[in-house]
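File shown: input00.pdb. Contents: PDB, C-alpha atoms, pLDDT in the B column.
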```
MODEL        1
ATOM      1  CA  MET A  20       0.000   0.000   0.000  1.00 64.00           C
ATOM      2  CA  ASN A  21       2.958   2.302   0.402  1.00 81.00           C
ATOM      3  CA  THR A  22       3.706   4.244  -2.768  1.00 89.00           C
ATOM      4  CA  PRO A  23       7.487   4.448  -3.123  1.00 93.00           C
ATOM      5  CA  ILE A  24       8.940   7.957  -3.311  1.00 95.00           C
ATOM      6  CA  MET A  25      12.415   8.242  -4.783  1.00 95.00           C
ATOM      7  CA  GLU A  26      14.648  11.278  -4.746  1.00 94.00           C
ATOM      8  CA  ILE A  27      16.857  12.037  -7.716  1.00 91.00           C
ATOM      9  CA  ASP A  28      18.821  15.305  -7.540  1.00 89.00           C
ATOM     10  CA  ASN A  29      16.210  17.345  -5.651  1.00 91.00           C
ATOM     11  CA  ILE A  30      13.330  15.881  -7.649  1.00 95.00           C
ATOM     12  CA  LEU A  31      10.906  13.451  -6.122  1.00 97.00           C
ATOM     13  CA  VAL A  32       9.858  10.636  -8.427  1.00 97.00           C
ATOM     14  CA  VAL A  33       6.730   8.726  -7.544  1.00 97.00           C
ATOM     15  CA  PRO A  34       5.926   5.597  -9.582  1.00 96.00           C
ATOM     16  CA  VAL A  35       2.306   5.068  -8.638  1.00 96.00           C
ATOM     17  CA  GLN A  36       1.095   1.501  -8.440  1.00 90.00           C
ATOM     18  CA  SER A  37      -1.883   0.309 -10.405  1.00 84.00           C
ATOM     19  CA  SER A  38      -4.934   0.705  -8.243  1.00 76.00           C
ATOM     20  CA  LEU A  39      -4.627   3.367  -5.595  1.00 87.00           C
ATOM     21  CA  SER A  40      -7.012   3.100  -2.717  1.00 90.00           C
ATOM     22  CA  ASP A  41      -8.213   6.377  -1.230  1.00 92.00           C
ATOM     23  CA  ALA A  42      -6.110   5.824   1.876  1.00 93.00           C
ATOM     24  CA  ALA A  43      -3.004   5.072  -0.181  1.00 94.00           C
ATOM     25  CA  ALA A  44      -3.529   8.253  -2.199  1.00 95.00           C
ATOM     26  CA  LEU A  45      -3.882  10.361   0.918  1.00 95.00           C
ATOM     27  CA  LYS A  46      -0.822   8.737   2.450  1.00 95.00           C
ATOM     28  CA  MET A  47       1.152   9.520  -0.678  1.00 96.00           C
ATOM     29  CA  GLN A  48       0.063  13.154  -0.433  1.00 95.00           C
ATOM     30  CA  LYS A  49       1.024  13.314   3.226  1.00 95.00           C
ATOM     31  CA  ASP A  50       4.415  11.693   2.621  1.00 95.00           C
ATOM     32  CA  LEU A  51       5.164  14.104  -0.214  1.00 95.00           C
ATOM     33  CA  ALA A  52       4.264  17.141   1.880  1.00 92.00           C
ATOM     34  CA  SER A  53       6.469  15.908   4.654  1.00 92.00           C
ATOM     35  CA  ILE A  54       9.486  15.320   2.416  1.00 93.00           C
ATOM     36  CA  ILE A  55       9.135  18.647   0.584  1.00 89.00           C
ATOM     37  CA  SER A  56       9.051  20.521   3.839  1.00 86.00           C
ATOM     38  CA  LYS A  57      12.281  18.958   5.012  1.00 88.00           C
ATOM     39  CA  ARG A  58      14.414  19.131   1.871  1.00 87.00           C
ATOM     40  CA  SER A  59      14.826  21.688  -0.889  1.00 87.00           C
ATOM     41  CA  ILE A  60      12.836  19.897  -3.521  1.00 92.00           C
ATOM     42  CA  GLN A  61      12.406  21.424  -6.969  1.00 92.00           C
ATOM     43  CA  GLY A  62       9.468  19.320  -7.930  1.00 95.00           C
ATOM     44  CA  ILE A  63       7.606  16.067  -8.069  1.00 97.00           C
ATOM     45  CA  VAL A  64       7.154  13.760 -11.023  1.00 97.00           C
ATOM     46  CA  ILE A  65       4.203  11.474 -10.448  1.00 97.00           C
ATOM     47  CA  ASP A  66       4.299   8.631 -12.926  1.00 97.00           C
ATOM     48  CA  LEU A  67       0.879   7.193 -13.697  1.00 97.00           C
ATOM     49  CA  THR A  68       1.933   4.677 -16.340  1.00 97.00           C
ATOM     50  CA  ASP A  69       0.687   1.731 -14.252  1.00 96.00           C
ATOM     51  CA  VAL A  70      -2.510   3.447 -13.174  1.00 96.00           C
ATOM     52  CA  ASP A  71      -5.568   2.138 -14.945  1.00 96.00           C
ATOM     53  CA  LEU A  72      -8.135   4.233 -13.131  1.00 96.00           C
ATOM     54  CA  VAL A  73      -8.260   7.849 -12.014  1.00 95.00           C
ATOM     55  CA  ASP A  74     -11.582   8.898 -10.528  1.00 93.00           C
ATOM     56  CA  SER A  75     -12.649  12.202  -8.977  1.00 91.00           C
ATOM     57  CA  PHE A  76     -11.042  11.397  -5.633  1.00 91.00           C
ATOM     58  CA  ILE A  77      -7.641  10.578  -7.095  1.00 93.00           C
ATOM     59  CA  ALA A  78      -7.916  13.547  -9.443  1.00 93.00           C
ATOM     60  CA  ARG A  79      -8.543  15.732  -6.421  1.00 92.00           C
ATOM     61  CA  VAL A  80      -5.481  14.341  -4.649  1.00 94.00           C
ATOM     62  CA  LEU A  81      -3.363  15.178  -7.715  1.00 96.00           C
ATOM     63  CA  VAL A  82      -4.755  18.713  -7.791  1.00 95.00           C
ATOM     64  CA  ASP A  83      -4.050  19.095  -4.080  1.00 95.00           C
ATOM     65  CA  ILE A  84      -0.487  17.864  -4.511  1.00 96.00           C
ATOM     66  CA  GLY A  85      -0.070  20.363  -7.345  1.00 95.00           C
ATOM     67  CA  GLY A  86      -1.382  23.194  -5.187  1.00 95.00           C
ATOM     68  CA  MET A  87       0.738  22.213  -2.238  1.00 93.00           C
ATOM     69  CA  THR A  88       3.958  22.072  -4.254  1.00 93.00           C
ATOM     70  CA  ARG A  89       3.190  25.401  -5.893  1.00 92.00           C
ATOM     71  CA  LEU A  90       2.749  27.026  -2.502  1.00 92.00           C
ATOM     72  CA  MET A  91       6.117  25.627  -1.516  1.00 89.00           C
ATOM     73  CA  GLY A  92       7.791  26.933  -4.662  1.00 89.00           C
ATOM     74  CA  ALA A  93       7.981  23.609  -6.444  1.00 92.00           C
ATOM     75  CA  ILE A  94       6.351  22.033  -9.496  1.00 94.00           C
ATOM     76  CA  THR A  95       4.362  18.840  -9.973  1.00 96.00           C
ATOM     77  CA  VAL A  96       4.348  16.973 -13.266  1.00 97.00           C
ATOM     78  CA  ALA A  97       2.107  13.983 -13.873  1.00 97.00           C
ATOM     79  CA  THR A  98       3.423  11.566 -16.464  1.00 98.00           C
ATOM     80  CA  GLY A  99       2.268   8.498 -18.312  1.00 97.00           C
ATOM     81  CA  ILE A 100      -1.454   9.112 -18.077  1.00 97.00           C
ATOM     82  CA  GLN A 101      -3.033   6.277 -20.027  1.00 97.00           C
ATOM     83  CA  PRO A 102      -5.271   7.191 -22.993  1.00 97.00           C
ATOM     84  CA  ALA A 103      -8.316   5.420 -21.527  1.00 97.00           C
ATOM     85  CA  VAL A 104      -7.824   7.321 -18.278  1.00 97.00           C
ATOM     86  CA  ALA A 105      -7.396  10.654 -20.069  1.00 97.00           C
ATOM     87  CA  ILE A 106     -10.550  10.116 -22.121  1.00 97.00           C
ATOM     88  CA  THR A 107     -12.531   9.169 -19.023  1.00 97.00           C
ATOM     89  CA  LEU A 108     -11.301  12.195 -17.060  1.00 95.00           C
ATOM     90  CA  VAL A 109     -12.235  14.566 -19.864  1.00 94.00           C
ATOM     91  CA  GLU A 110     -15.675  13.020 -20.234  1.00 94.00           C
ATOM     92  CA  MET A 111     -16.283  13.378 -16.527  1.00 91.00           C
ATOM     93  CA  GLY A 112     -15.289  17.013 -16.755  1.00 89.00           C
ATOM     94  CA  LEU A 113     -12.217  16.648 -14.533  1.00 88.00           C
ATOM     95  CA  THR A 114      -9.483  18.916 -15.804  1.00 84.00           C
ATOM     96  CA  VAL A 115      -6.885  18.295 -13.066  1.00 87.00           C
ATOM     97  CA  GLU A 116      -5.762  21.912 -13.006  1.00 85.00           C
ATOM     98  CA  GLY A 117      -2.485  23.036 -11.554  1.00 85.00           C
ATOM     99  CA  VAL A 118      -0.661  19.886 -12.517  1.00 93.00           C
ATOM    100  CA  LEU A 119       1.620  19.861 -15.523  1.00 96.00           C
ATOM    101  CA  THR A 120       1.828  16.750 -17.614  1.00 96.00           C
ATOM    102  CA  ALA A 121       4.344  14.955 -19.782  1.00 97.00           C
ATOM    103  CA  LEU A 122       4.252  11.822 -21.837  1.00 96.00           C
ATOM    104  CA  ASP A 123       6.664   9.761 -19.797  1.00 96.00           C
ATOM    105  CA  LEU A 124       8.920   9.883 -16.775  1.00 94.00           C
ATOM    106  CA  GLN A 125      12.031  11.115 -18.585  1.00 95.00           C
ATOM    107  CA  GLN A 126      10.160  13.883 -20.360  1.00 96.00           C
ATOM    108  CA  GLY A 127       8.595  14.809 -17.045  1.00 96.00           C
ATOM    109  CA  ILE A 128      11.971  15.175 -15.405  1.00 95.00           C
ATOM    110  CA  ASN A 129      13.302  17.164 -18.358  1.00 95.00           C
ATOM    111  CA  LYS A 130      10.308  19.481 -18.282  1.00 95.00           C
ATOM    112  CA  LEU A 131      10.706  20.064 -14.582  1.00 94.00           C
ATOM    113  CA  ARG A 132      14.400  20.858 -14.851  1.00 92.00           C
ATOM    114  CA  LEU A 133      13.780  23.235 -17.732  1.00 93.00           C
ATOM    115  CA  LEU A 134      11.064  25.107 -15.878  1.00 91.00           C
ATOM    116  CA  LYS A 135      13.140  25.322 -12.740  1.00 85.00           C
ATOM    117  CA  LYS A 136      16.128  26.627 -14.681  1.00 84.00           C
ATOM    118  CA  GLU A 137      14.039  29.357 -16.303  1.00 75.00           C
ATOM    119  CA  GLY A 138      12.207  30.239 -13.112  1.00 61.00           C
TER
ATOM    120  CA  MET B  24     -34.313  -7.807 -20.678  1.00 70.00           C
ATOM    121  CA  GLY B  25     -32.376 -10.799 -19.441  1.00 67.00           C
ATOM    122  CA  THR B  26     -29.681 -10.765 -16.835  1.00 64.00           C
ATOM    123  CA  PHE B  27     -26.943 -13.244 -16.214  1.00 71.00           C
ATOM    124  CA  GLN B  28     -23.820 -13.393 -14.104  1.00 81.00           C
ATOM    125  CA  GLU B  29     -24.232 -11.136 -11.127  1.00 92.00           C
ATOM    126  CA  THR B  30     -21.533 -10.051  -8.721  1.00 95.00           C
ATOM    127  CA  ARG B  31     -22.330  -8.364  -5.465  1.00 96.00           C
ATOM    128  CA  VAL B  32     -19.930  -6.295  -3.443  1.00 97.00           C
ATOM    129  CA  TYR B  33     -20.843  -5.116   0.001  1.00 97.00           C
ATOM    130  CA  LEU B  34     -19.632  -1.593   0.619  1.00 96.00           C
ATOM    131  CA  LYS B  35     -18.698  -0.410   4.051  1.00 95.00           C
ATOM    132  CA  GLN B  36     -15.016   0.340   4.143  1.00 94.00           C
ATOM    133  CA  GLU B  37     -12.940   2.365   1.771  1.00 92.00           C
ATOM    134  CA  LEU B  38     -11.136  -0.741   0.513  1.00 93.00           C
ATOM    135  CA  ASP B  39     -14.466  -2.157  -0.653  1.00 96.00           C
ATOM    136  CA  ILE B  40     -14.370   0.515  -3.362  1.00 96.00           C
ATOM    137  CA  VAL B  41     -11.284  -1.196  -4.765  1.00 95.00           C
ATOM    138  CA  SER B  42     -13.062  -4.569  -4.666  1.00 96.00           C
ATOM    139  CA  ALA B  43     -16.032  -3.136  -6.516  1.00 97.00           C
ATOM    140  CA  ARG B  44     -13.729  -1.710  -9.186  1.00 97.00           C
ATOM    141  CA  HIS B  45     -12.026  -5.062  -9.713  1.00 96.00           C
ATOM    142  CA  ALA B  46     -15.314  -6.904  -9.951  1.00 97.00           C
ATOM    143  CA  GLY B  47     -16.578  -4.377 -12.471  1.00 98.00           C
ATOM    144  CA  ARG B  48     -13.456  -4.480 -14.566  1.00 97.00           C
ATOM    145  CA  LEU B  49     -13.514  -8.279 -14.683  1.00 97.00           C
ATOM    146  CA  LEU B  50     -17.113  -8.490 -15.788  1.00 97.00           C
ATOM    147  CA  ALA B  51     -16.733  -5.647 -18.281  1.00 97.00           C
ATOM    148  CA  ARG B  52     -13.800  -7.453 -19.812  1.00 97.00           C
ATOM    149  CA  GLN B  53     -15.704 -10.754 -19.915  1.00 95.00           C
ATOM    150  CA  ILE B  54     -18.635  -9.110 -21.640  1.00 95.00           C
ATOM    151  CA  GLY B  55     -16.246  -7.847 -24.283  1.00 96.00           C
ATOM    152  CA  PHE B  56     -15.998  -4.137 -23.702  1.00 97.00           C
ATOM    153  CA  ASN B  57     -12.927  -2.410 -25.109  1.00 97.00           C
ATOM    154  CA  LEU B  58     -10.380  -0.868 -22.772  1.00 97.00           C
ATOM    155  CA  VAL B  59     -11.806   2.648 -22.856  1.00 97.00           C
ATOM    156  CA  ASP B  60     -15.326   1.454 -22.061  1.00 98.00           C
ATOM    157  CA  GLU B  61     -13.892  -0.856 -19.427  1.00 98.00           C
ATOM    158  CA  THR B  62     -12.247   2.188 -17.852  1.00 98.00           C
ATOM    159  CA  ARG B  63     -15.431   4.254 -18.079  1.00 98.00           C
ATOM    160  CA  ILE B  64     -17.415   1.488 -16.404  1.00 98.00           C
ATOM    161  CA  THR B  65     -14.868   0.872 -13.673  1.00 98.00           C
ATOM    162  CA  THR B  66     -14.543   4.593 -12.974  1.00 97.00           C
ATOM    163  CA  ALA B  67     -18.328   4.961 -12.761  1.00 97.00           C
ATOM    164  CA  ILE B  68     -18.437   2.099 -10.275  1.00 97.00           C
ATOM    165  CA  SER B  69     -15.687   3.742  -8.254  1.00 96.00           C
ATOM    166  CA  GLU B  70     -17.612   7.027  -8.069  1.00 95.00           C
ATOM    167  CA  LEU B  71     -20.882   5.360  -7.080  1.00 95.00           C
ATOM    168  CA  ALA B  72     -19.231   3.066  -4.542  1.00 95.00           C
ATOM    169  CA  ARG B  73     -17.435   5.982  -2.962  1.00 93.00           C
ATOM    170  CA  ASN B  74     -20.698   7.877  -2.571  1.00 90.00           C
ATOM    171  CA  ILE B  75     -21.988   4.982  -0.510  1.00 92.00           C
ATOM    172  CA  VAL B  76     -18.917   4.808   1.696  1.00 91.00           C
ATOM    173  CA  LEU B  77     -18.851   8.576   2.173  1.00 87.00           C
ATOM    174  CA  TYR B  78     -22.523   9.378   2.599  1.00 84.00           C
ATOM    175  CA  ALA B  79     -24.514   6.229   3.300  1.00 87.00           C
ATOM    176  CA  LYS B  80     -21.873   4.408   5.330  1.00 86.00           C
ATOM    177  CA  GLU B  81     -22.882   1.067   3.868  1.00 92.00           C
ATOM    178  CA  GLY B  82     -24.608  -0.385   0.860  1.00 96.00           C
ATOM    179  CA  THR B  83     -24.322  -2.897  -1.926  1.00 97.00           C
ATOM    180  CA  VAL B  84     -23.261  -2.739  -5.538  1.00 98.00           C
ATOM    181  CA  TYR B  85     -24.681  -5.299  -7.953  1.00 98.00           C
ATOM    182  CA  ILE B  86     -22.825  -5.774 -11.224  1.00 98.00           C
ATOM    183  CA  ARG B  87     -24.577  -7.806 -13.921  1.00 96.00           C
ATOM    184  CA  THR B  88     -24.585  -8.708 -17.567  1.00 96.00           C
ATOM    185  CA  VAL B  89     -27.742  -7.546 -19.322  1.00 94.00           C
ATOM    186  CA  TYR B  90     -29.255  -8.619 -22.632  1.00 91.00           C
ATOM    187  CA  THR B  91     -31.925  -7.446 -24.981  1.00 90.00           C
ATOM    188  CA  ASN B  92     -32.667  -9.049 -28.349  1.00 88.00           C
ATOM    189  CA  GLU B  93     -30.232  -6.705 -30.022  1.00 89.00           C
ATOM    190  CA  GLN B  94     -27.690  -5.798 -27.403  1.00 92.00           C
ATOM    191  CA  LYS B  95     -25.472  -7.056 -24.651  1.00 95.00           C
ATOM    192  CA  GLY B  96     -24.174  -4.833 -21.890  1.00 97.00           C
ATOM    193  CA  ILE B  97     -23.410  -4.259 -18.258  1.00 97.00           C
ATOM    194  CA  GLU B  98     -25.760  -3.068 -15.562  1.00 97.00           C
ATOM    195  CA  ILE B  99     -24.701  -1.699 -12.223  1.00 98.00           C
ATOM    196  CA  LEU B 100     -27.075  -1.100  -9.351  1.00 98.00           C
ATOM    197  CA  VAL B 101     -25.804   0.727  -6.301  1.00 97.00           C
ATOM    198  CA  SER B 102     -28.161   0.596  -3.362  1.00 96.00           C
ATOM    199  CA  ASP B 103     -28.091   1.891   0.184  1.00 94.00           C
ATOM    200  CA  ASP B 104     -30.332   2.553   3.173  1.00 92.00           C
ATOM    201  CA  GLY B 105     -28.576   5.791   3.863  1.00 89.00           C
ATOM    202  CA  PRO B 106     -29.820   9.312   4.477  1.00 89.00           C
ATOM    203  CA  GLY B 107     -30.988   9.852   0.906  1.00 89.00           C
ATOM    204  CA  ILE B 108     -30.338  12.873  -1.266  1.00 86.00           C
ATOM    205  CA  GLU B 109     -32.520  15.838  -0.444  1.00 84.00           C
ATOM    206  CA  ASN B 110     -32.181  17.574  -3.770  1.00 83.00           C
ATOM    207  CA  VAL B 111     -31.381  15.069  -6.511  1.00 85.00           C
ATOM    208  CA  GLU B 112     -31.475  17.742  -9.183  1.00 83.00           C
ATOM    209  CA  LEU B 113     -28.849  19.758  -7.378  1.00 81.00           C
ATOM    210  CA  ALA B 114     -26.665  16.710  -6.902  1.00 81.00           C
ATOM    211  CA  LEU B 115     -26.853  16.024 -10.615  1.00 84.00           C
ATOM    212  CA  ARG B 116     -25.725  19.508 -11.462  1.00 78.00           C
ATOM    213  CA  ASP B 117     -22.065  19.868 -12.395  1.00 67.00           C
ATOM    214  CA  GLY B 118     -19.721  21.132  -9.749  1.00 60.00           C
ATOM    215  CA  PHE B 119     -21.962  20.436  -6.767  1.00 53.00           C
ATOM    216  CA  SER B 120     -20.268  18.704  -3.886  1.00 50.00           C
ATOM    217  CA  THR B 121     -20.452  18.565  -0.116  1.00 44.00           C
ATOM    218  CA  SER B 122     -17.285  16.549   0.227  1.00 45.00           C
ATOM    219  CA  ARG B 123     -13.808  16.421  -1.205  1.00 45.00           C
ATOM    220  CA  GLY B 124     -14.902  14.543  -4.294  1.00 42.00           C
ATOM    221  CA  LEU B 125     -14.806  17.524  -6.644  1.00 39.00           C
ATOM    222  CA  GLY B 126     -18.539  17.226  -7.268  1.00 43.00           C
ATOM    223  CA  ALA B 127     -17.922  15.028 -10.232  1.00 51.00           C
ATOM    224  CA  GLY B 128     -19.494  11.923  -8.739  1.00 81.00           C
ATOM    225  CA  LEU B 129     -23.015  11.765 -10.111  1.00 89.00           C
ATOM    226  CA  PRO B 130     -22.960  14.054 -13.133  1.00 89.00           C
ATOM    227  CA  GLY B 131     -19.598  12.654 -14.184  1.00 89.00           C
ATOM    228  CA  THR B 132     -20.882   9.100 -13.864  1.00 93.00           C
ATOM    229  CA  ARG B 133     -23.939   9.909 -15.907  1.00 94.00           C
ATOM    230  CA  ARG B 134     -21.750  11.136 -18.747  1.00 94.00           C
ATOM    231  CA  LEU B 135     -19.712   7.936 -18.753  1.00 96.00           C
ATOM    232  CA  MET B 136     -22.656   5.580 -19.069  1.00 97.00           C
ATOM    233  CA  ASP B 137     -25.431   5.092 -21.624  1.00 97.00           C
ATOM    234  CA  GLU B 138     -28.292   4.922 -19.154  1.00 97.00           C
ATOM    235  CA  PHE B 139     -28.580   6.492 -15.731  1.00 96.00           C
ATOM    236  CA  GLU B 140     -31.448   6.315 -13.248  1.00 96.00           C
ATOM    237  CA  ILE B 141     -31.539   7.519  -9.681  1.00 94.00           C
ATOM    238  CA  LYS B 142     -34.140   7.102  -6.980  1.00 94.00           C
ATOM    239  CA  SER B 143     -33.632   8.664  -3.603  1.00 92.00           C
ATOM    240  CA  THR B 144     -35.827   9.262  -0.578  1.00 92.00           C
ATOM    241  CA  VAL B 145     -34.664  11.233   2.436  1.00 92.00           C
ATOM    242  CA  GLY B 146     -34.445   9.014   5.474  1.00 91.00           C
ATOM    243  CA  VAL B 147     -34.906   5.867   3.406  1.00 93.00           C
ATOM    244  CA  GLY B 148     -32.045   5.481   0.965  1.00 93.00           C
ATOM    245  CA  THR B 149     -30.763   5.784  -2.565  1.00 93.00           C
ATOM    246  CA  GLN B 150     -30.566   3.584  -5.620  1.00 95.00           C
ATOM    247  CA  VAL B 151     -28.550   4.376  -8.693  1.00 95.00           C
ATOM    248  CA  LEU B 152     -28.852   2.209 -11.784  1.00 97.00           C
ATOM    249  CA  VAL B 153     -26.513   2.597 -14.742  1.00 98.00           C
ATOM    250  CA  ARG B 154     -26.070   0.629 -17.957  1.00 98.00           C
ATOM    251  CA  LYS B 155     -23.596   0.573 -20.770  1.00 98.00           C
ATOM    252  CA  TRP B 156     -24.099  -1.334 -23.997  1.00 97.00           C
ATOM    253  CA  LEU B 157     -21.553  -2.946 -26.272  1.00 96.00           C
ATOM    254  CA  ARG B 158     -21.210  -0.905 -29.413  1.00 82.00           C
ATOM    255  CA  SER B 159     -22.022  -2.744 -32.616  1.00 68.00           C
ATOM    256  CA  ILE B 160     -19.303  -0.864 -34.494  1.00 56.00           C
TER
ENDMDL
END
```

Could you show the structure in this file as structure tokens?
Amino acid sequence: MNTPIMEIDNILVVPVQSSLSDAAALKMQKDLASIISKRSIQGIVIDLTDVDLVDSFIARVLVDIGGMTRLMGAITVATGIQPAVAITLVEMGLTVEGVLTALDLQQGINKLRLLKKEG
Amino acid sequence: MGTFQETRVYLKQELDIVSARHAGRLLARQIGFNLVDETRITTAISELARNIVLYAKEGTVYIRTVYTNEQKGIEILVSDDGPGIENVELALRDGFSTSRGLGAGLPGTRRLMDEFEIKSTVGVGTQVLVRKWLRSI
């Protein structure tokens, strides 16, 4: 149930496992907040490649993580959102604002570094 | 309309939402839905199941195959003896929410499915019935 959080050069990388329970999602959010507050983190890359379902609760957690990182001067990028998940989110009207996206983990990291360098 | 193959998942704890999703995904796959429809169905189940756990505290989700002469599909009935929804119309309006769920629960679910019916009585409970049919194309 514990989502692993890895740190690579001041970036947190979170490979999310396939089916997040509500509690696991909230724990992930709490763990991220805790780590960001203790270290000078530039951003978070949340990889959703293995995630086959994102409903309104999970979408809300992602938005909250995005908001939290922004308030702490960092950036969140969600990567690897599956096509079926993206289509479903759009149809439900969930836009997941405040969270940048990239196609895969590497592009997510690159995007984050680029933004941090410019900003 | 005929029904076959029914799975029931009792909903009380948050982890039961995950069980309901799995059951739904399995049956949707068995019926022959493509991956996107499978995801729509499973997400709809997740939304409805969460409503039970959040608002009604406990309930049941029934997931079944349905048939007519022309079509085959999936039917999901989510039923509870909870507090009921006072203003169903308001709850079906986009953006309405009394909890952290972004208000996407019911209106979002309705958009994902082909058929959507809701019956709710304050003090008695709520039933939500949704169906999705296999596309012939």

Selection result for the PyMOL selection byres ((chain B and resi 27) around 12) on this file, as a ChimeraX atom specification:
/B:24-26,28-30,50,54,85-91,95-98

Could you pull the residues within 8 Å of region 93-107 of chain A, counting all atoms listed in the file, minus those fewer than 3 positions along the same chain, as an NGL selection string?
(:A and (60-68 or 70-73 or 84-85 or 88-90 or 110-111 or 118-124 or 127 or 131)) or (:B and (58-59 or 62-63 or 66 or 135))

Could you write out as number ranges by chain the residues that the ChimeraX specification (/A :<12) & /B matches in the shown file?
B: 36-45, 48, 57-74, 76-77, 116-118, 120, 122-136

On this structure, which residues satisfy the PyMOL selection byres ((chain A and resi 36) around 6), written as a PyMOL selection string?
chain A and resi 35+37+69

One-decimal distance in Å that lies between CA of Val145 (chain B) and CA of Thr83 (chain B):
18.0 Å

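The spacing separating CA of Asp50 (chain A) from CA of Thr22 (chain A) amounts to 9.2 Å.
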
One decimal, Å: what's the distance from CA of Ile54 (chain A) over to CA of Asp28 (chain A), could you say?
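CA of Asp28 (chain A) lies at a distance of 13.6 Å from CA of Ile54 (chain A).
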
For each of B:Ala51, B:Glu140, B:Arg158, B:Val32, take the minimum atom-to-atom distance to Val111 (chain B), counting only C-alpha atoms, then give the residue where this is smallest.
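Of B:Ala51, B:Glu140, B:Arg158, B:Val32, the one nearest Val111 (chain B) is B:Glu140, counting only C-alpha atoms.
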
Among the residues B:Val84, B:Ile108, B:Val101, B:Leu49, the one that comes closest to Gly146 (chain B) [using all atoms listed in the file]:
B:Ile108

Could you list, as a PyMOL selection string, every residue within 12 Å of Asn110 (chain B), counting all atoms listed in the file and ignoring same-chain residues fewer than 3 positions away?
chain B and resi 106-107+113-116+119-120+141-145+149

As lines of an AutoDock Vina configuration file, please report the centre and edge lengths, rounded to one decimal in Å, of the axis-aligned box that holds all listed atoms of region 94-111 of chain B with 8 Å of padding on each of the six sides.
```
center_x = -28.0
center_y = 5.3
center_z = -11.5
size_x = 25.1
size_y = 40.6
size_z = 47.9
```

Gly82 (chain B) environment, 8 Å, all atoms listed in the file, sequence neighbours closer than 4 positions dropped, as a ChimeraX atom specification:
/B:33-35,75-76,101-105
